[in-house]
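*Asks:* This is the structure I want to talk about, given as structure tokens.
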Amino acid sequence: MIYKVQAPSTIQVKIQLPSSKSISNRVLILNALSDSPYPIRNLSDSDDTMVLFNALQSSEKDFNVGAAGTSMRFLTAYLAQKPGEWTITGTERMKNRPIGILINALRALGANIEYLEKEGFPPLRIHGQQLQGGEISLDGSISSQYISALMMIAPHLRKGLVLHLEGSLISAPYIRMTMSLMEKFGVKSIWKGQTIRIEPQIYRPVAFLVEGDWSAASYWLQIQALAMERAAVDVIGLEDNSLQGDAKAESLMACLVNQHKSSFHYDFVNEPDLAQTFVVTCCLLNIPFRFSGLQSLRIKETDRMMALQTEMRKLGYELRILSDNVLMWVGERCEPVPKPVIATYEDHRMAMAFAPACLKMKEIRIENPEVVSKSYPNYWFDLKSAGFVIQEES
């Protein structure tokens, strides 16, 4: 299926944002670890969160998490410390997303986990048991979800956890988010330098309300930036003192637009999920950029750096990939493809970052638009409510 998207001449809309997927997924695990009797209020209805919610509620022993990377990592750690035996698998893409670093760390803490197909990748068989815990080292430049997964189960380990993070640390706001949420459930962590220390403790059940999603808000900030004075967008559900690193989107977009930068340089090491939005926005506003800190984009739903380079070329922009973590555009153009169709690579953020491009073009086509259900199921409905015309093509 393909959606043809056309922009309205003016936009005036209030948007109730979806709740934060990142917070929802962490609170689900913390709720389970605390044996909480309280339902989580305003839980995200995204695919990723529903997969994790259903797994934690289920008495089944075999789980298919689909394309939900967070669910794969969090659930693996959670089940490793829970008595029982389970298998976890996912889509073909998931079977090619590395998980060996997490499995090695869990094994060092006493876990019994087998690979069922390819070494270092799902599917997995987990023989859950109480884990010894202890002291381990982990590369800080890998996905923060590995670190968060280990942190959340740490209070249940016999010896707790001392986690030494080696090298450069990426996505630090997500680690701070995990620490803050754990504290709301009564668990203290100590993060000093490159070491996180969590003693054995007991989680305290609490009633929890999930805030709105700043990652989702970034697409509306993008729409406002591309439409400029033609748009008045009011997003509802955000918190000023948010736990989410992607709250940085607001000040970044303001810096991009208000200061009329001739070029824009930024290190996205702490906010990698914003990169696609800013790549598309900068190109369409004709602002050259150099974005670094993108190493985790290689192991997301797709290789997002290659995907951005390929799809922006369809719109007439030649991006350069300088290394595993740098993407830039110096103003180079190429012949755009007539009636471009943007491939989404089973990646929700490709669809949502490219759809607003129609504000600078006559129209744009998005392939497999249903991928937005991974984090923002109502995205297309909300675009329609803002006046965008969306037509389905075969």
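Letters A, B, ... mark the chains of the structure tokens in the order given; residue numbers begin at 1 per chain; ligand numbers begin at 1, in order shown.
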Residues at most 10 Å from Tyr345 (chain A), counting only C-alpha atoms, excluding those fewer than 2 positions away in the same chain, as a PDB file with N, CA and C atoms, in the first residue's frame?

*Replies:*
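Writing the result to out.pdb gives the following:
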```pdb
ATOM      1  N   ARG A  93      14.012  -9.130  10.134  1.00  0.00           N
ATOM      2  CA  ARG A  93      14.918  -8.030  10.482  1.00  0.00           C
ATOM      3  C   ARG A  93      15.382  -8.173  11.923  1.00  0.00           C
ATOM      4  N   GLU A 301      15.636  -0.155  13.240  1.00  0.00           N
ATOM      5  CA  GLU A 301      14.736  -0.972  12.431  1.00  0.00           C
ATOM      6  C   GLU A 301      15.325  -1.252  11.059  1.00  0.00           C
ATOM      7  N   THR A 302      16.102  -0.302  10.554  1.00  0.00           N
ATOM      8  CA  THR A 302      16.875  -0.486   9.332  1.00  0.00           C
ATOM      9  C   THR A 302      18.203   0.235   9.550  1.00  0.00           C
ATOM     10  N   ASP A 303      19.095   0.202   8.556  1.00  0.00           N
ATOM     11  CA  ASP A 303      20.289   1.049   8.599  1.00  0.00           C
ATOM     12  C   ASP A 303      19.816   2.438   8.189  1.00  0.00           C
ATOM     13  N   ARG A 304      19.519   3.272   9.173  1.00  0.00           N
ATOM     14  CA  ARG A 304      18.871   4.543   8.897  1.00  0.00           C
ATOM     15  C   ARG A 304      19.751   5.509   8.112  1.00  0.00           C
ATOM     16  N   ALA A 307      19.381   4.394   4.533  1.00  0.00           N
ATOM     17  CA  ALA A 307      18.004   4.658   4.115  1.00  0.00           C
ATOM     18  C   ALA A 307      17.796   6.144   3.832  1.00  0.00           C
ATOM     19  N   ILE A 342       8.595   7.073  -1.268  1.00  0.00           N
ATOM     20  CA  ILE A 342       9.569   6.876  -0.201  1.00  0.00           C
ATOM     21  C   ILE A 342       9.410   5.485   0.401  1.00  0.00           C
ATOM     22  N   ALA A 343      10.471   4.682   0.318  1.00  0.00           N
ATOM     23  CA  ALA A 343      10.482   3.372   0.963  1.00  0.00           C
ATOM     24  C   ALA A 343      10.662   3.574   2.468  1.00  0.00           C
ATOM     25  N   ASP A 347      10.377   0.844   8.946  1.00  0.00           N
ATOM     26  CA  ASP A 347      10.833   1.815   9.949  1.00  0.00           C
ATOM     27  C   ASP A 347       9.816   2.946  10.071  1.00  0.00           C
ATOM     28  N   HIS A 348       9.159   3.018  11.207  1.00  0.00           N
ATOM     29  CA  HIS A 348       8.125   4.023  11.455  1.00  0.00           C
ATOM     30  C   HIS A 348       8.646   5.445  11.293  1.00  0.00           C
ATOM     31  N   ARG A 349       9.884   5.691  11.685  1.00  0.00           N
ATOM     32  CA  ARG A 349      10.407   7.061  11.647  1.00  0.00           C
ATOM     33  C   ARG A 349      10.729   7.513  10.213  1.00  0.00           C
ATOM     34  N   MET A 350      10.962   6.600   9.303  1.00  0.00           N
ATOM     35  CA  MET A 350      11.129   6.991   7.905  1.00  0.00           C
ATOM     36  C   MET A 350       9.813   7.553   7.370  1.00  0.00           C
ATOM     37  N   ALA A 351       8.713   6.893   7.674  1.00  0.00           N
ATOM     38  CA  ALA A 351       7.404   7.360   7.187  1.00  0.00           C
ATOM     39  C   ALA A 351       7.061   8.725   7.757  1.00  0.00           C
ATOM     40  N   GLU A 367       5.497   4.592   1.050  1.00  0.00           N
ATOM     41  CA  GLU A 367       5.243   3.163   0.907  1.00  0.00           C
ATOM     42  C   GLU A 367       5.072   2.507   2.278  1.00  0.00           C
ATOM     43  N   ASN A 368       4.175   1.534   2.354  1.00  0.00           N
ATOM     44  CA  ASN A 368       3.913   0.816   3.611  1.00  0.00           C
ATOM     45  C   ASN A 368       3.694   1.781   4.779  1.00  0.00           C
ATOM     46  N   VAL A 371       3.487   1.286   8.922  1.00  0.00           N
ATOM     47  CA  VAL A 371       4.594   1.100   9.871  1.00  0.00           C
ATOM     48  C   VAL A 371       4.525   2.085  11.040  1.00  0.00           C
TER      49      VAL A 371
END
```

*Asks:* Which of region 230-361 of chain A counts as helix (DSSP H, G or I) under DSSP, as number ranges by chain please?

*Replies:* A: 230, 245-258, 272-284, 295-299, 304-314, 348-359

*Asks:* I need the strand (DSSP E or B) residues of region 267-328 of chain A per DSSP on the backbone, written as a PyMOL selection string.

*Replies:* chain A and resi 267+289-292+317+320-321+327-328

*Asks:* Deliver the residues from the most recent selection as a file, using C-alpha atoms, as a PDB file, in the first residue's frame.

*Replies:*
```pdb
ATOM      1  CA  ASP A 267      25.868  15.718  17.707  1.00  0.00           C
ATOM      2  CA  PHE A 289      24.312  20.158   7.873  1.00  0.00           C
ATOM      3  CA  ARG A 290      26.821  17.873   9.533  1.00  0.00           C
ATOM      4  CA  PHE A 291      25.256  15.426  11.987  1.00  0.00           C
ATOM      5  CA  SER A 292      27.442  13.180  14.132  1.00  0.00           C
ATOM      6  CA  TYR A 317      19.585  15.732  -2.391  1.00  0.00           C
ATOM      7  CA  ARG A 320      27.378  11.985   2.318  1.00  0.00           C
ATOM      8  CA  ILE A 321      28.074   9.234   4.847  1.00  0.00           C
ATOM      9  CA  LEU A 327      25.985  12.124   7.912  1.00  0.00           C
ATOM     10  CA  MET A 328      26.225  15.443   6.097  1.00  0.00           C
TER      11      MET A 328
END
```

*Asks:* Any idea what's packed within 9 Å of Pro83 (chain A), counting only C-alpha atoms, ignoring anything in its chain fewer than 4 positions away? Could you give it as an NGL selection string?

*Replies:* :A and (79 or 127-130)

*Asks:* Quick one, how far is CA of Glu363 (chain A) from CA of Glu393 (chain A)?

*Replies:*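 Atom-to-atom, CA of Glu363 (chain A) to CA of Glu393 (chain A), that is 13.1 Å.
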
*Asks:* List the spatial neighbours of region 19-31 of chain A as number ranges by chain - criterion: any atom at most 9 Å away, only C-alpha atoms, same-chain residues fewer than 3 positions off excluded.

*Replies:* A: 34-40, 42-46, 48-49, 52-53, 56, 70-71, 74-75, 78, 148-149, 152-153, 174, 177-178, 181-182, 185, 203-206, 208, 210-216, 237-238, 243-244, 375-376

*Asks:* Pick the closest to Met361 (chain A) from A:Leu169, A:Leu319, A:Leu284, A:Met312: which is it, counting only C-alpha atoms?

*Replies:*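 Closest residue, counting only C-alpha atoms: A:Leu284.
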
*Asks:* Give me, as a list in words, all polymer residues having an atom no more than 9 Å from Phe278 (chain A), counting only C-alpha atoms and skipping those fewer than 3 positions away in the same chain.

*Replies:*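 Those residues are Gln222, Met253, Leu274, Ala275, Thr281, Cys282, Cys283 and Ala353 of chain A.
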
*Asks:* The selected residues should be written to file as a tab-separated table (two decimals), in the first residue's frame (atoms: N, CA and C atoms).

*Replies:*
```
chain	number	residue	atom	x	y	z
A	222	GLN	N	8.47	19.80	13.11
A	222	GLN	CA	8.96	19.79	11.73
A	222	GLN	C	7.94	20.42	10.80
A	253	MET	N	14.84	22.74	17.00
A	253	MET	CA	14.09	23.23	15.85
A	253	MET	C	14.01	24.75	15.88
A	274	LEU	N	15.86	11.59	16.68
A	274	LEU	CA	15.50	12.85	16.04
A	274	LEU	C	16.22	13.06	14.70
A	275	ALA	N	17.21	12.24	14.43
A	275	ALA	CA	18.08	12.49	13.27
A	275	ALA	C	17.32	12.54	11.95
A	281	THR	N	14.24	17.96	7.30
A	281	THR	CA	13.91	19.38	7.50
A	281	THR	C	15.02	20.27	6.96
A	282	CYS	N	16.26	19.96	7.29
A	282	CYS	CA	17.37	20.80	6.84
A	282	CYS	C	17.45	20.83	5.32
A	283	CYS	N	17.35	19.69	4.68
A	283	CYS	CA	17.42	19.66	3.22
A	283	CYS	C	16.31	20.50	2.59
A	353	ALA	N	9.02	11.05	9.20
A	353	ALA	CA	9.94	12.13	8.90
A	353	ALA	C	9.78	12.64	7.47
```
